[in-house]
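S.K.: This is the content of query_12.pdb (PDB, C-alpha atoms):
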ATOM      1  CA  MET A   1     103.379 106.741  68.912
ATOM      2  CA  SER A   2     101.218 108.492  71.487
ATOM      3  CA  VAL A   3      97.598 107.571  72.144
ATOM      4  CA  ASN A   4      95.247 110.087  73.731
ATOM      5  CA  ALA A   5      92.385 109.330  76.121
ATOM      6  CA  ARG A   6      89.724 109.484  73.416
ATOM      7  CA  ASP A   7      91.625 107.011  71.257
ATOM      8  CA  LEU A   8      91.918 104.648  74.223
ATOM      9  CA  LEU A   9      88.214 104.884  75.086
ATOM     10  CA  GLU A  10      87.253 104.182  71.476
ATOM     11  CA  ARG A  11      89.652 101.252  71.419
ATOM     12  CA  LEU A  12      88.204  99.797  74.652
ATOM     13  CA  GLN A  13      84.618 100.288  73.405
ATOM     14  CA  SER A  14      85.296  98.620  70.059
ATOM     15  CA  GLY A  15      87.129  95.684  71.666
ATOM     16  CA  PRO A  16      90.282  93.902  70.465
ATOM     17  CA  ALA A  17      91.029  93.380  66.815
ATOM     18  CA  SER A  18      89.625  90.206  65.292
ATOM     19  CA  GLU A  19      91.855  87.240  64.689
ATOM     20  CA  ALA A  20      91.565  87.835  60.957
ATOM     21  CA  GLN A  21      93.021  91.318  61.357
ATOM     22  CA  ALA A  22      95.734  90.487  63.891
ATOM     23  CA  PRO A  23      99.111  89.346  62.557
ATOM     24  CA  ALA A  24     100.477  85.987  63.652
ATOM     25  CA  ARG A  25     103.546  87.639  65.155
ATOM     26  CA  PRO A  26     105.032  91.112  65.711
ATOM     27  CA  ARG A  27     106.667  92.752  62.696
ATOM     28  CA  ARG A  28     109.962  94.643  62.559
ATOM     29  CA  PHE A  29     110.273  97.942  60.671
ATOM     30  CA  VAL A  30     113.539  99.711  59.794
ATOM     31  CA  GLY A  31     114.360 103.213  58.522
ATOM     32  CA  THR A  32     116.629 106.205  58.920
ATOM     33  CA  SER A  33     114.283 108.267  61.158
ATOM     34  CA  MET A  34     111.529 107.628  63.685
ATOM     35  CA  ARG A  35     109.063 109.552  61.521
ATOM     36  CA  GLU A  36     109.828 107.328  58.556
ATOM     37  CA  VAL A  37     109.498 104.107  60.561
ATOM     38  CA  TYR A  38     106.261 105.193  62.250
ATOM     39  CA  ALA A  39     104.836 105.974  58.823
ATOM     40  CA  LYS A  40     105.706 102.427  57.718
ATOM     41  CA  VAL A  41     104.078 100.977  60.848
ATOM     42  CA  ARG A  42     100.942 103.032  60.304
ATOM     43  CA  ALA A  43     100.731 102.052  56.651
ATOM     44  CA  ALA A  44     101.198  98.342  57.375
ATOM     45  CA  LEU A  45      99.239  97.894  60.611
ATOM     46  CA  GLY A  46      97.007 100.951  60.864
ATOM     47  CA  PRO A  47      96.624 103.623  63.579
ATOM     48  CA  ASP A  48      95.979 101.039  66.338
ATOM     49  CA  ALA A  49      99.453  99.484  66.088
ATOM     50  CA  LEU A  50     101.291  98.885  69.364
ATOM     51  CA  ILE A  51     104.983  99.725  69.548
ATOM     52  CA  LEU A  52     106.561  96.851  71.466
ATOM     53  CA  GLU A  53     110.228  97.824  71.119
ATOM     54  CA  GLN A  54     112.199 100.597  69.478
ATOM     55  CA  ARG A  55     115.883 101.434  69.168
ATOM     56  CA  SER A  56     117.999 103.997  67.370
ATOM     57  CA  GLU A  57     121.699 103.569  66.676
ATOM     58  CA  GLY A  58     124.124 104.866  64.059
ATOM     59  CA  GLY A  59     121.466 106.523  61.922
ATOM     60  CA  ARG A  60     119.345 103.360  61.866
ATOM     61  CA  VAL A  61     115.930 103.191  63.548
ATOM     62  CA  GLU A  62     114.335  99.836  64.276
ATOM     63  CA  VAL A  63     110.806  99.297  65.638
ATOM     64  CA  LEU A  64     108.962  96.117  66.618
ATOM     65  CA  ALA A  65     105.180  96.569  66.265
ATOM     66  CA  ALA A  66     101.987  94.539  66.330
ATOM     67  CA  LEU A  67      98.236  94.959  66.556
ATOM     68  CA  GLU A  68      98.166  93.206  69.940
ATOM     69  CA  ALA A  69     100.692  92.749  72.703
ATOM     70  CA  PRO A  70     102.205  89.257  72.739
ATOM     71  CA  GLU A  71     100.578  86.911  75.240
ATOM     72  CA  GLN A  72     103.306  86.230  77.779
ATOM     73  CA  ASP A  73     102.886  85.015  81.353
ATOM     74  CA  GLY A  74     105.355  86.916  83.477
ATOM     75  CA  GLY A  75     107.805  87.326  80.570
ATOM     76  CA  PRO A  76     109.827  90.365  79.460
ATOM     77  CA  ALA A  77     106.726  92.216  78.105
ATOM     78  CA  ARG A  78     105.019  92.112  81.490
ATOM     79  CA  GLU A  79     108.206  93.115  83.276
ATOM     80  CA  ARG A  80     108.470  96.164  81.006
ATOM     81  CA  VAL A  81     104.896  97.203  81.726
ATOM     82  CA  VAL A  82     105.278  96.732  85.497
ATOM     83  CA  ALA A  83     108.522  98.723  85.498
ATOM     84  CA  ARG A  84     106.856 101.620  83.700
ATOM     85  CA  LEU A  85     103.886 101.547  86.091
ATOM     86  CA  ARG A  86     106.269 101.632  89.052
ATOM     87  CA  GLU A  87     108.056 104.647  87.544
ATOM     88  CA  LEU A  88     104.718 106.459  87.285
ATOM     89  CA  GLY A  89     104.085 105.850  90.989
ATOM     90  CA  LEU A  90     101.907 102.754  91.214
ATOM     91  CA  GLY A  91     102.520 101.273  94.675
ATOM     92  CA  SER A  92     103.791  97.780  95.428
ATOM     93  CA  ALA A  93     100.443  96.716  96.898
ATOM     94  CA  LEU A  94      98.676  97.517  93.635
ATOM     95  CA  LEU A  95     101.437  96.093  91.458
ATOM     96  CA  SER A  96     101.081  92.783  93.299
ATOM     97  CA  ARG A  97      97.429  92.641  92.205
ATOM     98  CA  LEU A  98      98.234  92.765  88.493
ATOM     99  CA  PRO A  99      97.429  89.578  86.592
ATOM    100  CA  ALA A 100     100.170  87.441  85.093
ATOM    101  CA  ARG A 101      99.017  88.370  81.592
ATOM    102  CA  LEU A 102      98.899  92.081  80.751
ATOM    103  CA  ARG A 103      97.754  92.916  77.239
ATOM    104  CA  ARG A 104      95.791  96.172  77.398
ATOM    105  CA  ALA A 105      95.467  99.307  79.493
ATOM    106  CA  GLU A 106      92.038  98.037  80.513
ATOM    107  CA  ASP A 107      93.704  95.196  82.455
ATOM    108  CA  VAL A 108      95.377  97.736  84.751
ATOM    109  CA  LEU A 109      92.308  99.972  85.039
ATOM    110  CA  ASP A 110      90.225  96.996  86.168
ATOM    111  CA  VAL A 111      92.737  96.180  88.904
ATOM    112  CA  LEU A 112      92.764  99.796  90.128
ATOM    113  CA  ALA A 113      88.975  99.959  90.218
ATOM    114  CA  GLU A 114      88.704  96.738  92.217
ATOM    115  CA  ALA A 115      91.408  97.862  94.672
ATOM    116  CA  VAL A 116      89.650 101.059  95.809
ATOM    117  CA  PRO A 117      87.209 100.248  98.662
ATOM    118  CA  CYS A 118      84.043 102.281  98.209
ATOM    119  CA  ALA A 119      80.847 102.172 100.242
ATOM    120  CA  PRO A 120      77.599 103.940  99.359
ATOM    121  CA  PRO A 121      76.748 106.332 102.209
ATOM    122  CA  PRO A 122      73.404 105.767 103.971
ATOM    123  CA  GLU A 123      70.486 107.506 102.279
ATOM    124  CA  PRO A 124      69.067 109.443 103.957
ATOM    125  CA  LEU A 125      72.169 110.144 106.015
ATOM    126  CA  CYS A 126      71.337 109.579 109.682
ATOM    127  CA  GLY A 127      73.487 109.421 112.792
ATOM    128  CA  ARG A 128      76.184 111.470 114.469
ATOM    129  CA  PHE A 129      79.229 112.305 112.412
ATOM    130  CA  ARG A 130      82.328 114.379 113.117
ATOM    131  CA  LEU A 131      84.379 115.745 110.230
ATOM    132  CA  VAL A 132      88.093 115.368 111.041
ATOM    133  CA  GLY A 133      91.247 116.060 109.062
ATOM    134  CA  PRO A 134      94.006 118.606 108.444
ATOM    135  CA  PRO A 135      93.451 122.367 108.103
ATOM    136  CA  GLY A 136      92.270 123.311 104.622
ATOM    137  CA  ALA A 137      91.084 119.818 103.750
ATOM    138  CA  GLY A 138      87.513 121.003 103.282
ATOM    139  CA  LYS A 139      85.865 119.785 106.490
ATOM    140  CA  THR A 140      83.578 122.800 106.912
ATOM    141  CA  THR A 141      82.620 122.832 103.251
ATOM    142  CA  THR A 142      81.896 119.104 103.357
ATOM    143  CA  LEU A 143      79.724 119.507 106.455
ATOM    144  CA  ILE A 144      77.694 122.308 104.851
ATOM    145  CA  LYS A 145      77.218 120.345 101.632
ATOM    146  CA  LEU A 146      75.972 117.313 103.568
ATOM    147  CA  ALA A 147      73.565 119.451 105.589
ATOM    148  CA  ALA A 148      72.279 121.258 102.490
ATOM    149  CA  SER A 149      71.768 117.986 100.626
ATOM    150  CA  ARG A 150      69.652 116.590 103.465
ATOM    151  CA  VAL A 151      67.573 119.750 103.816
ATOM    152  CA  LEU A 152      66.876 119.909 100.076
ATOM    153  CA  ARG A 153      65.752 116.280  99.982
ATOM    154  CA  TYR A 154      64.096 115.695 103.360
ATOM    155  CA  GLY A 155      63.433 119.055 104.960
ATOM    156  CA  ARG A 156      65.151 121.024 107.697
ATOM    157  CA  PHE A 157      63.775 119.281 110.785
ATOM    158  CA  GLY A 158      65.919 116.799 112.686
ATOM    159  CA  THR A 159      69.308 118.229 111.663
ATOM    160  CA  LEU A 160      71.838 119.765 114.074
ATOM    161  CA  LEU A 161      75.149 121.410 113.216
ATOM    162  CA  ILE A 162      77.835 121.717 115.905
ATOM    163  CA  ALA A 163      80.917 123.929 115.475
ATOM    164  CA  THR A 164      83.933 123.439 117.741
ATOM    165  CA  ASP A 165      86.708 125.201 115.802
ATOM    166  CA  ARG A 166      87.321 128.120 118.143
ATOM    167  CA  SER A 167      91.072 128.153 117.539
ATOM    168  CA  ARG A 168      90.718 129.638 114.053
ATOM    169  CA  LEU A 169      89.584 133.219 113.432
ATOM    170  CA  ALA A 170      85.919 133.077 112.424
ATOM    171  CA  GLY A 171      86.223 129.284 112.530
ATOM    172  CA  CYS A 172      82.580 128.844 113.536
ATOM    173  CA  GLU A 173      80.967 131.691 111.592
ATOM    174  CA  GLN A 174      80.574 129.842 108.288
ATOM    175  CA  VAL A 175      78.790 126.952 109.973
ATOM    176  CA  ALA A 176      76.582 129.357 111.953
ATOM    177  CA  SER A 177      75.643 131.320 108.817
ATOM    178  CA  SER A 178      74.883 128.146 106.884
ATOM    179  CA  ALA A 179      72.709 126.788 109.705
ATOM    180  CA  GLU A 180      70.714 130.029 109.682
ATOM    181  CA  LEU A 181      70.230 129.939 105.904
ATOM    182  CA  LEU A 182      69.225 126.258 105.950
ATOM    183  CA  GLY A 183      66.929 126.716 108.932
ATOM    184  CA  VAL A 184      68.535 123.965 111.000
ATOM    185  CA  GLU A 185      69.610 123.997 114.634
ATOM    186  CA  TYR A 186      73.100 125.124 115.525
ATOM    187  CA  VAL A 187      75.320 124.940 118.609
ATOM    188  CA  GLU A 188      78.802 126.349 119.140
ATOM    189  CA  CYS A 189      80.851 124.772 121.911
ATOM    190  CA  PRO A 190      84.358 123.575 122.811
ATOM    191  CA  GLU A 191      85.251 119.997 121.916
ATOM    192  CA  HIS A 192      84.973 118.734 125.504
ATOM    193  CA  ALA A 193      81.359 119.969 125.721
ATOM    194  CA  VAL A 194      80.134 117.991 122.699
ATOM    195  CA  PRO A 195      78.887 114.960 124.717
ATOM    196  CA  GLU A 196      76.696 117.244 126.817
ATOM    197  CA  VAL A 197      75.274 118.895 123.684
ATOM    198  CA  LEU A 198      74.566 115.507 122.147
ATOM    199  CA  ALA A 199      72.748 114.381 125.291
ATOM    200  CA  ARG A 200      70.453 117.413 125.063
ATOM    201  CA  HIS A 201      69.748 116.764 121.379
ATOM    202  CA  ARG A 202      69.438 112.979 121.337
ATOM    203  CA  HIS A 203      66.203 113.289 119.326
ATOM    204  CA  MET A 204      68.055 114.658 116.280
ATOM    205  CA  GLN A 205      68.173 112.386 113.222
ATOM    206  CA  LEU A 206      71.414 113.856 111.863
ATOM    207  CA  VAL A 207      74.169 115.606 113.807
ATOM    208  CA  LEU A 208      77.193 116.969 111.967
ATOM    209  CA  ILE A 209      80.185 118.180 113.998
ATOM    210  CA  ASP A 210      82.849 120.466 112.544
ATOM    211  CA  SER A 211      86.221 120.000 114.272
ATOM    212  CA  ALA A 212      89.440 121.994 114.321
ATOM    213  CA  GLY A 213      92.119 120.922 111.882
ATOM    214  CA  VAL A 214      94.596 118.292 113.045
ATOM    215  CA  ARG A 215      97.935 119.890 113.869
ATOM    216  CA  GLY A 216     101.168 118.192 114.809
ATOM    217  CA  ASP A 217     100.868 114.543 115.779
ATOM    218  CA  ILE A 218      97.721 114.827 117.888
ATOM    219  CA  VAL A 219      94.513 113.378 116.480
ATOM    220  CA  PRO A 220      91.133 114.033 118.106
ATOM    221  CA  GLY A 221      89.990 111.566 120.738
ATOM    222  CA  ALA A 222      87.053 109.324 119.985
ATOM    223  CA  LEU A 223      83.577 110.542 120.992
ATOM    224  CA  ASP A 224      81.118 107.984 122.308
ATOM    225  CA  GLY A 225      78.315 107.403 119.830
ATOM    226  CA  VAL A 226      79.955 109.556 117.132
ATOM    227  CA  ASP A 227      81.403 108.271 113.851
ATOM    228  CA  ASP A 228      84.389 110.096 112.412
ATOM    229  CA  LEU A 229      84.592 110.914 108.709
ATOM    230  CA  LEU A 230      88.155 111.723 107.646
ATOM    231  CA  VAL A 231      88.414 114.441 105.001
ATOM    232  CA  VAL A 232      91.420 113.826 102.720
ATOM    233  CA  PRO A 233      92.671 116.629 100.425
ATOM    234  CA  SER A 234      93.504 114.923  97.136
ATOM    235  CA  MET A 235      95.701 117.795  95.904
ATOM    236  CA  TRP A 236      98.288 117.196  98.656
ATOM    237  CA  GLN A 237     101.703 115.880  97.723
ATOM    238  CA  THR A 238     102.569 112.245  98.321
ATOM    239  CA  ALA A 239     104.612 112.829 101.499
ATOM    240  CA  ALA A 240     101.809 114.839 103.136
ATOM    241  CA  LEU A 241      99.176 112.232 102.258
ATOM    242  CA  ARG A 242     101.389 109.482 103.657
ATOM    243  CA  ARG A 243     101.871 111.409 106.886
ATOM    244  CA  LEU A 244      98.107 111.848 107.221
ATOM    245  CA  ARG A 245      97.691 108.110 106.715
ATOM    246  CA  ARG A 246     100.206 107.397 109.493
ATOM    247  CA  LEU A 247      98.486 109.830 111.872
ATOM    248  CA  PHE A 248      95.146 108.075 111.510
ATOM    249  CA  HIS A 249      96.549 104.552 111.311
ATOM    250  CA  ASP A 250      95.045 103.527 114.657
ATOM    251  CA  HIS A 251      92.138 105.974 114.688
ATOM    252  CA  PRO A 252      88.725 104.410 113.982
ATOM    253  CA  VAL A 253      87.263 106.080 110.887
ATOM    254  CA  ARG A 254      83.811 105.204 109.554
ATOM    255  CA  GLY A 255      84.534 106.541 106.082
ATOM    256  CA  LEU A 256      86.690 108.836 103.972
ATOM    257  CA  VAL A 257      85.835 111.927 101.956
ATOM    258  CA  LEU A 258      88.204 112.791  99.098
ATOM    259  CA  THR A 259      88.090 116.538  98.399
ATOM    260  CA  HIS A 260      89.493 118.967  95.804
ATOM    261  CA  THR A 261      89.673 116.274  93.123
ATOM    262  CA  ASP A 262      89.475 118.958  90.436
ATOM    263  CA  GLN A 263      92.635 120.621  91.795
ATOM    264  CA  ALA A 264      94.819 117.516  92.055
ATOM    265  CA  GLU A 265      97.613 117.043  89.524
ATOM    266  CA  THR A 266      97.110 113.304  89.824
ATOM    267  CA  LEU A 267      94.883 110.990  91.875
ATOM    268  CA  LEU A 268      97.373 108.141  91.647
ATOM    269  CA  GLU A 269      98.719 108.473  95.191
ATOM    270  CA  CYS A 270      95.152 108.699  96.481
ATOM    271  CA  VAL A 271      94.365 105.438  94.698
ATOM    272  CA  ASN A 272      97.484 103.899  96.262
ATOM    273  CA  LEU A 273      96.424 105.060  99.726
ATOM    274  CA  LEU A 274      92.780 104.053  99.348
ATOM    275  CA  SER A 275      93.814 100.556  98.331
ATOM    276  CA  GLU A 276      95.893 100.249 101.525
ATOM    277  CA  TRP A 277      93.721 102.165 103.983
ATOM    278  CA  GLY A 278      90.926  99.720 104.648
ATOM    279  CA  SER A 279      88.372 102.420 105.527
ATOM    280  CA  PRO A 280      85.884 102.856 102.681
ATOM    281  CA  LEU A 281      85.556 105.980 100.585
ATOM    282  CA  TRP A 282      82.091 107.533 100.977
ATOM    283  CA  TRP A 283      82.166 110.710  98.920
ATOM    284  CA  THR A 284      84.334 112.691  96.544
ATOM    285  CA  GLY A 285      84.184 116.455  96.202
ATOM    286  CA  GLN A 286      85.531 118.889  93.669
ATOM    287  CA  SER A 287      85.771 122.608  94.312
ATOM    288  CA  GLY A 288      84.892 124.585  97.411
ATOM    289  CA  ASP A 289      81.789 125.886  95.625
ATOM    290  CA  LEU A 290      78.884 125.058  97.942
ATOM    291  CA  ALA A 291      76.582 124.693  94.931
ATOM    292  CA  VAL A 292      78.586 121.656  93.739
ATOM    293  CA  GLU A 293      77.306 118.611  95.611
ATOM    294  CA  LEU A 294      79.413 115.749  96.873
ATOM    295  CA  GLU A 295      79.402 112.633  94.718
ATOM    296  CA  PRO A 296      78.847 109.194  96.277
ATOM    297  CA  ALA A 297      82.123 107.353  95.798
ATOM    298  CA  ALA A 298      82.500 104.922  92.921
ATOM    299  CA  ALA A 299      85.815 103.217  92.238
ATOM    300  CA  GLY A 300      85.311 103.326  88.486
ATOM    301  CA  ALA A 301      84.859 107.093  88.587
ATOM    302  CA  ILE A 302      87.993 107.526  90.703
ATOM    303  CA  VAL A 303      90.066 105.542  88.236
ATOM    304  CA  THR A 304      88.564 107.304  85.213
ATOM    305  CA  GLY A 305      89.423 110.607  86.890
ATOM    306  CA  LEU A 306      93.126 109.875  87.014
ATOM    307  CA  THR A 307      94.897 112.830  85.423
ATOM    308  CA  THR A 308      98.376 113.697  84.191
ATOM    309  CA  PRO A 309     100.928 112.187  84.573
ATOM    310  CA  PHE A 310      98.974 108.972  85.142
ATOM    311  CA  ASP A 311      95.912 109.275  82.917
ATOM    312  CA  ARG A 312      94.323 106.878  80.514
ATOM    313  CA  SER A 313      96.450 108.099  77.622
ATOM    314  CA  SER A 314      99.670 107.721  79.626
ATOM    315  CA  LEU A 315      98.591 104.221  80.525
ATOM    316  CA  ALA A 316      97.840 103.444  76.895
ATOM    317  CA  SER A 317     101.262 104.696  75.830
ATOM    318  CA  ILE A 318     102.872 102.073  78.080
ATOM    319  CA  PHE A 319     101.232  99.344  76.038
ATOM    320  CA  ALA A 320     102.135 101.222  72.865
ATOM    321  CA  GLY A 321     105.821 101.030  73.773
TER     322      GLY A 321
END
How would this structure read if it were set down as structure tokens?
M.R.:
Amino acid sequence: MSVNARDLLERLQSGPASEAQAPARPRRFVGTSMREVYAKVRAALGPDALILEQRSEGGRVEVLAALEAPEQDGGPARERVVARLRELGLGSALLSRLPARLRRAEDVLDVLAEAVPCAPPPEPLCGRFRLVGPPGAGKTTTLIKLAASRVLRYGRFGTLLIATDRSRLAGCEQVASSAELLGVEYVECPEHAVPEVLARHRHMQLVLIDSAGVRGDIVPGALDGVDDLLVVPSMWQTAALRRLRRLFHDHPVRGLVLTHTDQAETLLECVNLLSEWGSPLWWTGQSGDLAVELEPAAAGAIVTGLTTPFDRSSLASIFAG
């Protein structure tokens, strides 16, 4: 008996059934087809019934249902839920955080939200920041969005954009064009010349540095007085995200930016990684449209944004059998 996201939200908003409505124990229903048995369950317990067990053998269908999951501490019901969560891709680190008593999808969502480290970025954003990450992650787009946001809110003075991506055809042109449109200062230079540029512009309140994409196993060296922001493409497959995590395991990162969240099939692996990473998430970004601003990271929003195959309705179906 599937439950969609809207049904789950309404169920969470209305709260659990009252004791007067809830049966003392699960009830067993039998029939010759699943449709027939589900109709019996719905008639007896209503549309909010949870399917705890079901089996079909020799033309006989048997279903165990209730209005609430049985309260068991570490018993078979919890083992079933944990096994299903593991099949969907929930990592061991997150599974270990689950409470001994699992009764509703909300129990898991709360754990996921608490496991994602988020930090509100400084407002206004001040300092020296370099955008690092793999090619195509959205570093340049992120840099331009940050610069535009500051200019719109606080004016164009005190902002410097530095482009160092000379290895890519027209790698610096987008930053140069954006700096001209925003009316902020702009410098193009090789990576090794950045310290000299920073020394000449030490009066700047905000310096944003666009770097070349990380290729192979070489990550950029640290720059004195510069904080690195790692841009993570959320639409990458699990293996690629894991490799990126290994590359930056020992690299000091001030914060993370999760991009392309609207293009990701699922954010589950990102939630797994964020819970293990240690570095806080600062912003999330959707499309490459420069008119769409970055969103300050909020764990609740990340978890709510989980999509197929691990969305709120999939999670609810686990508790519905």
S.K.: Evaluated on this file, the PyMOL selection byres ((chain A and resi 290) around 12) picks out some residues - which ones are they, written as a list in words?
M.R.: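 On this input, the PyMOL selection byres ((chain A and resi 290) around 12) captures Gly138, Thr140, Thr141, Thr142, Leu143, Ile144, Lys145, Leu146, Ala147, Ala148, Ser149, Gln174, Ser178, Gly285, Gln286, Ser287, Gly288, Asp289, Ala291, Val292, Glu293 and Leu294 of chain A.
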S.K.: Given the file shown, enumerate the residues that the PyMOL selection byres ((chain A and resi 91) around 10) captures and present them as a list in words.
M.R.: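 Applied to this file, the PyMOL selection byres ((chain A and resi 91) around 10) returns Leu85, Arg86, Glu87, Leu88, Gly89, Leu90, Ser92, Ala93, Leu94, Leu95, Ser96, Leu268, Glu269, Val271, Asn272, Leu273, Ser275 and Glu276 of chain A.
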S.K.: Any idea what the distance is between atom CA of Arg80 of chain A and atom CA of Tyr38 of chain A?
M.R.: 20.9 Å
S.K.: Give me, please, the distance in Å between atom CA of Phe129 of chain A and atom CA of Thr266 of chain A, quoted to one decimal.
M.R.: 28.8 Å
S.K.: Quick one: which residues end up in the PyMOL selection byres ((chain A and resi 61) around 9) for this structure, as a ChimeraX atom specification?
M.R.: /A:29-34,36-37,54-60,62-63
S.K.: Could you dump the residues just selected with C-alpha atoms as an mmCIF file, in the coordinates of the input?
M.R.:
data_model
loop_
_atom_site.group_PDB
_atom_site.id
_atom_site.type_symbol
_atom_site.label_atom_id
_atom_site.label_comp_id
_atom_site.auth_asym_id
_atom_site.auth_seq_id
_atom_site.Cartn_x
_atom_site.Cartn_y
_atom_site.Cartn_z
ATOM 1 C CA PHE A 29 110.273 97.942 60.671
ATOM 2 C CA VAL A 30 113.539 99.711 59.794
ATOM 3 C CA GLY A 31 114.360 103.213 58.522
ATOM 4 C CA THR A 32 116.629 106.205 58.920
ATOM 5 C CA SER A 33 114.283 108.267 61.158
ATOM 6 C CA MET A 34 111.529 107.628 63.685
ATOM 7 C CA GLU A 36 109.828 107.328 58.556
ATOM 8 C CA VAL A 37 109.498 104.107 60.561
ATOM 9 C CA GLN A 54 112.199 100.597 69.478
ATOM 10 C CA ARG A 55 115.883 101.434 69.168
ATOM 11 C CA SER A 56 117.999 103.997 67.370
ATOM 12 C CA GLU A 57 121.699 103.569 66.676
ATOM 13 C CA GLY A 58 124.124 104.866 64.059
ATOM 14 C CA GLY A 59 121.466 106.523 61.922
ATOM 15 C CA ARG A 60 119.345 103.360 61.866
ATOM 16 C CA GLU A 62 114.335 99.836 64.276
ATOM 17 C CA VAL A 63 110.806 99.297 65.638
#
S.K.: So what do you get for atom CA of Cys118 of chain A versus atom CA of Pro280 of chain A, distance-wise?
M.R.: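 Rounded to one decimal, the two atoms are 4.9 Å apart.
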S.K.: For Val219 of chain A, which residue out of A:Glu265, A:Glu180, A:Glu185, A:Asp250 is the nearest one, using only C-alpha atoms?
M.R.: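 Ranked by minimum distance to Val219 of chain A, first place goes to A:Asp250.
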S.K.: Counting all atoms listed in the file, which of A:Leu256, A:Val214, A:His251, A:Arg243 gets nearest to Gly133 of chain A?
M.R.: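 Looking at the shortest contact to Gly133 of chain A, the residue is A:Val214.
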S.K.: Select, from A:Arg242, A:His260, A:Arg130, A:Arg150, the residue with the minimum atom-to-atom distance to Ile162 of chain A, counting only C-alpha atoms.
M.R.: A:Arg130
S.K.: So, counting all atoms listed in the file, which residue among A:Gln237, A:Thr284, A:Thr159, A:Thr259 is closest to Gln205 of chain A?
M.R.: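 Of A:Gln237, A:Thr284, A:Thr159, A:Thr259, the one nearest Gln205 of chain A is A:Thr159, counting all atoms listed in the file.
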S.K.: Which residues are close to Val226 of chain A, i.e. within 12 Å by only C-alpha atoms, leaving aside same-chain residues fewer than 6 positions away? Reply as a PyMOL selection string.
M.R.: chain A and resi 126-132+194-195+198-199+202+206-209+252-254
S.K.: Ranking A:Ile302, A:Leu125, A:Leu230, A:Ala212 by minimum distance to His249 of chain A and counting all atoms listed in the file, which one comes first?
M.R.: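 Among the listed residues, the smallest separation from His249 of chain A belongs to A:Leu230.
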